file final30.cif (mmCIF, C-alpha atoms)
data_input
loop_
_atom_site.label_atom_id
_atom_site.label_comp_id
_atom_site.auth_asym_id
_atom_site.auth_seq_id
_atom_site.Cartn_x
_atom_site.Cartn_y
_atom_site.Cartn_z
CA MET A 1 107.18 76.73 185.42
CA GLU A 2 104.49 78.26 187.56
CA ARG A 3 105.10 81.63 189.23
CA LEU A 4 103.87 81.50 192.82
CA LYS A 5 105.13 84.66 194.48
CA GLY A 6 106.90 87.86 193.57
CA TYR A 7 108.51 90.94 195.06
CA VAL A 8 109.56 94.27 193.58
CA SER A 9 112.01 96.69 195.20
CA LEU A 10 110.68 100.05 196.38
CA ASP A 11 112.68 101.85 193.67
CA GLY A 12 111.24 99.53 191.00
CA LEU A 13 114.68 98.50 189.73
CA ARG A 14 114.75 94.95 191.12
CA LYS A 15 112.27 92.12 191.21
CA LEU A 16 112.20 88.54 192.38
CA ASP A 17 110.01 85.65 191.28
CA ILE A 18 109.52 82.37 193.14
CA PHE A 19 108.25 79.53 191.02
CA ARG A 20 107.61 75.78 190.94
CA ASN A 21 109.35 73.85 188.19
CA SER A 22 108.21 70.73 186.34
CA SER A 23 109.90 68.52 188.97
CA GLU A 24 107.66 70.04 191.69
CA LEU A 25 110.65 71.79 193.27
CA PHE A 26 110.89 75.51 194.01
CA GLN A 27 113.38 78.14 192.87
CA PHE A 28 113.77 81.91 192.80
CA GLU A 29 115.32 84.35 190.35
CA GLU A 30 116.25 87.99 190.86
CA PHE A 31 116.11 90.49 187.99
CA VAL A 32 117.53 94.01 187.69
CA VAL A 33 116.48 96.68 185.19
CA GLU A 34 119.26 97.30 182.68
CA LEU A 35 119.51 100.03 180.06
CA ILE A 36 121.04 99.56 176.63
CA VAL A 37 122.19 102.89 175.21
CA GLU A 38 122.80 103.09 171.49
CA PRO A 39 126.26 104.39 170.54
CA ASP A 40 124.77 107.35 168.68
CA ALA A 41 122.33 108.36 171.45
CA GLU A 42 122.46 112.03 172.39
CA ASN A 43 122.10 111.32 176.10
CA PHE A 44 122.18 108.36 178.46
CA GLU A 45 118.43 108.46 179.12
CA GLU A 46 117.65 107.19 175.63
CA GLY A 47 117.76 103.48 175.10
CA THR A 48 116.03 100.19 175.69
CA THR A 49 115.36 98.78 179.15
CA TYR A 50 115.02 95.09 179.97
CA TRP A 51 115.02 92.77 183.00
CA ASN A 52 118.40 91.05 183.40
CA CYS A 53 118.54 87.91 185.58
CA THR A 54 121.25 88.53 188.19
CA HIS A 55 120.64 85.66 190.60
CA SER A 56 119.21 82.19 190.13
CA SER A 57 118.85 80.00 193.20
CA GLY A 58 119.22 76.32 193.80
CA LEU A 59 116.23 74.04 194.30
CA TYR A 60 114.06 73.91 197.41
CA ALA A 61 111.53 71.44 198.76
CA SER A 62 108.98 74.16 199.58
CA VAL A 63 108.01 77.66 198.53
CA GLU A 64 108.64 78.75 202.14
CA ASP A 65 112.24 77.50 201.98
CA ALA A 66 112.84 79.38 198.72
CA ASP A 67 111.28 82.53 200.20
CA GLU A 68 113.39 82.34 203.38
CA ASP A 69 116.62 81.86 201.44
CA ALA A 70 115.79 84.70 199.05
CA LYS A 71 115.27 87.05 202.00
CA ALA A 72 118.52 85.87 203.60
CA SER A 73 120.52 86.17 200.35
CA LEU A 74 119.41 89.49 198.89
CA PRO A 75 119.98 92.72 200.87
CA TRP A 76 116.94 94.60 199.55
CA LEU A 77 114.65 91.76 200.63
CA ARG A 78 116.42 91.24 203.94
CA GLU A 79 116.02 94.96 204.73
CA GLY A 80 112.29 94.88 203.92
CA LYS A 81 112.59 97.31 200.98
CA TYR A 82 109.98 95.65 198.77
CA LEU A 83 106.34 95.31 197.80
CA LEU A 84 104.53 92.11 196.84
CA SER A 85 103.91 91.81 193.12
#
call {"tool": "encode", "arguments": {"input": "final30.cif", "output": "structure tokens"}}
result
Amino acid sequence: MERLKGYVSLDGLRKLDIFRNSSELFQFEEFVVELIVEPDAENFEEGTTYWNCTHSSGLYASVEDADEDAKASLPWLREGKYLLS
């Protein structure tokens, strides 16, 4: 897969990647920062963070189609609360 375009939310907790797959079709995936807190942690700020995939799109004929659907599907993109990454 080849990453072609990306967005990150203004708060830095969400990101979206648009990519081309081996079939020459386009797709997007949204990720959200998650925190794993160990049971013996003294507070909830200690732990491991990772990007969790929360949305995986269907396939599109063009990168523009994938981009348009991502912006229509995800509120933070639709509202313009992002930066290019």
call {"tool": "atom_distance", "arguments": {"input": "final30.cif", "atom1": "atom CA of A:Tyr50", "atom2": "atom CA of A:Ala72"}}
result
25.6 Å
call {"tool": "residues_around", "arguments": {"input": "final30.cif", "residues": "stretch 74-77 of chain A", "least_positions_apart": "2", "cutoff": "12 Å", "atoms": "only C-alpha atoms", "output": "VMD selection string"}}
result
chain A and resid 6 to 16 28 to 32 54 to 57 67 to 72 79 to 84
call {"tool": "residues_around", "arguments": {"input": "final30.cif", "residues": "A:Gly58", "least_positions_apart": "5", "cutoff": "9 Å", "atoms": "only C-alpha atoms", "output": "list of chain:residue names"}}
result
A:Phe26, A:Gln27, A:Phe28, A:Ala66
call {"tool": "atom_distance", "arguments": {"input": "final30.cif", "atom1": "atom CA of A:Thr49", "atom2": "atom CA of A:Met1"}}
result
24.3 Å
call {"tool": "atom_distance", "arguments": {"input": "final30.cif", "atom1": "atom CA of A:Arg3", "atom2": "atom CA of A:Cys53"}}
result
15.3 Å
call {"tool": "axis_aligned_box", "arguments": {"input": "final30.cif", "around": "stretch 73-80 of chain A", "padding_each_side": "6 Å", "output": "JSON"}}
result
{"center_x": 116.4, "center_y": 90.6, "center_z": 201.8, "size_x": 20.2, "size_y": 20.8, "size_z": 17.8}
call {"tool": "resolve_selection", "arguments": {"input": "final30.cif", "expression": "the PyMOL selection byres ((chain A and resi 2) around 9)", "output": "MDAnalysis selection string"}}
result
chainID A and resid 1 3:4 18:22
call {"tool": "resolve_selection", "arguments": {"input": "final30.cif", "expression": "the PyMOL selection byres ((chain A and resi 36) around 8)", "output": "list of chain:residue names"}}
result
A:Glu34, A:Leu35, A:Val37, A:Glu38, A:Gly47, A:Thr48, A:Thr49
call {"tool": "write_last_selection", "arguments": {"input": "final30.cif", "atoms": "C-alpha atoms", "output": "mmCIF file, in the frame of the given file"}}
result
data_model
loop_
_atom_site.group_PDB
_atom_site.id
_atom_site.type_symbol
_atom_site.label_atom_id
_atom_site.label_comp_id
_atom_site.auth_asym_id
_atom_site.auth_seq_id
_atom_site.Cartn_x
_atom_site.Cartn_y
_atom_site.Cartn_z
ATOM 1 C CA GLU A 34 119.260 97.300 182.680
ATOM 2 C CA LEU A 35 119.510 100.030 180.060
ATOM 3 C CA VAL A 37 122.190 102.890 175.210
ATOM 4 C CA GLU A 38 122.800 103.090 171.490
ATOM 5 C CA GLY A 47 117.760 103.480 175.100
ATOM 6 C CA THR A 48 116.030 100.190 175.690
ATOM 7 C CA THR A 49 115.360 98.780 179.150
#
call {"tool": "build_atoms", "arguments": {"input": "final30.cif", "residues": "stretch 46-67 of chain A", "atoms": "N, CA and C atoms", "output": "JSON list (two decimals), in the frame of the given file"}}
result
[["chain", "number", "residue", "atom", "x", "y", "z"],
["A", 46, "GLU", "N", 118.26, 107.85, 176.77],
["A", 46, "GLU", "CA", 117.65, 107.19, 175.63],
["A", 46, "GLU", "C", 118.17, 105.77, 175.54],
["A", 47, "GLY", "N", 117.32, 104.85, 175.25],
["A", 47, "GLY", "CA", 117.76, 103.48, 175.10],
["A", 47, "GLY", "C", 116.63, 102.51, 175.37],
["A", 48, "THR", "N", 116.98, 101.25, 175.47],
["A", 48, "THR", "CA", 116.03, 100.19, 175.69],
["A", 48, "THR", "C", 116.27, 99.58, 177.06],
["A", 49, "THR", "N", 115.22, 99.43, 177.85],
["A", 49, "THR", "CA", 115.36, 98.78, 179.15],
["A", 49, "THR", "C", 114.87, 97.34, 179.06],
["A", 50, "TYR", "N", 115.44, 96.48, 179.90],
["A", 50, "TYR", "CA", 115.02, 95.09, 179.97],
["A", 50, "TYR", "C", 115.36, 94.55, 181.35],
["A", 51, "TRP", "N", 114.74, 93.43, 181.73],
["A", 51, "TRP", "CA", 115.02, 92.77, 183.00],
["A", 51, "TRP", "C", 116.13, 91.75, 182.79],
["A", 52, "ASN", "N", 117.25, 91.95, 183.48],
["A", 52, "ASN", "CA", 118.40, 91.05, 183.40],
["A", 52, "ASN", "C", 118.41, 90.16, 184.64],
["A", 53, "CYS", "N", 118.47, 88.85, 184.45],
["A", 53, "CYS", "CA", 118.54, 87.91, 185.58],
["A", 53, "CYS", "C", 119.93, 88.00, 186.21],
["A", 54, "THR", "N", 119.97, 88.36, 187.49],
["A", 54, "THR", "CA", 121.25, 88.53, 188.19],
["A", 54, "THR", "C", 121.50, 87.47, 189.24],
["A", 55, "HIS", "N", 120.48, 86.71, 189.59],
["A", 55, "HIS", "CA", 120.64, 85.66, 190.60],
["A", 55, "HIS", "C", 119.61, 84.57, 190.34],
["A", 56, "SER", "N", 120.09, 83.34, 190.27],
["A", 56, "SER", "CA", 119.21, 82.19, 190.13],
["A", 56, "SER", "C", 119.56, 81.21, 191.24],
["A", 57, "SER", "N", 118.59, 80.82, 192.02],
["A", 57, "SER", "CA", 118.85, 80.00, 193.20],
["A", 57, "SER", "C", 118.99, 78.53, 192.85],
["A", 58, "GLY", "N", 119.27, 77.77, 193.89],
["A", 58, "GLY", "CA", 119.22, 76.32, 193.80],
["A", 58, "GLY", "C", 117.77, 75.87, 193.91],
["A", 59, "LEU", "N", 117.57, 74.61, 194.20],
["A", 59, "LEU", "CA", 116.23, 74.04, 194.30],
["A", 59, "LEU", "C", 115.85, 73.83, 195.75],
["A", 60, "TYR", "N", 114.57, 74.01, 196.04],
["A", 60, "TYR", "CA", 114.06, 73.91, 197.41],
["A", 60, "TYR", "C", 112.86, 72.99, 197.44],
["A", 61, "ALA", "N", 112.64, 72.36, 198.60],
["A", 61, "ALA", "CA", 111.53, 71.44, 198.76],
["A", 61, "ALA", "C", 110.20, 72.16, 198.92],
["A", 62, "SER", "N", 110.23, 73.42, 199.37],
["A", 62, "SER", "CA", 108.98, 74.16, 199.58],
["A", 62, "SER", "C", 109.14, 75.61, 199.15],
["A", 63, "VAL", "N", 108.00, 76.25, 198.88],
["A", 63, "VAL", "CA", 108.01, 77.66, 198.53],
["A", 63, "VAL", "C", 108.49, 78.48, 199.72],
["A", 64, "GLU", "N", 108.18, 78.04, 200.93],
["A", 64, "GLU", "CA", 108.64, 78.75, 202.14],
["A", 64, "GLU", "C", 110.15, 78.73, 202.26],
["A", 65, "ASP", "N", 110.78, 77.59, 201.93],
["A", 65, "ASP", "CA", 112.24, 77.50, 201.98],
["A", 65, "ASP", "C", 112.88, 78.44, 200.96],
["A", 66, "ALA", "N", 112.32, 78.48, 199.76],
["A", 66, "ALA", "CA", 112.84, 79.38, 198.72],
["A", 66, "ALA", "C", 112.69, 80.83, 199.16],
["A", 67, "ASP", "N", 111.54, 81.17, 199.74],
["A", 67, "ASP", "CA", 111.28, 82.53, 200.20],
["A", 67, "ASP", "C", 112.25, 82.92, 201.31]]
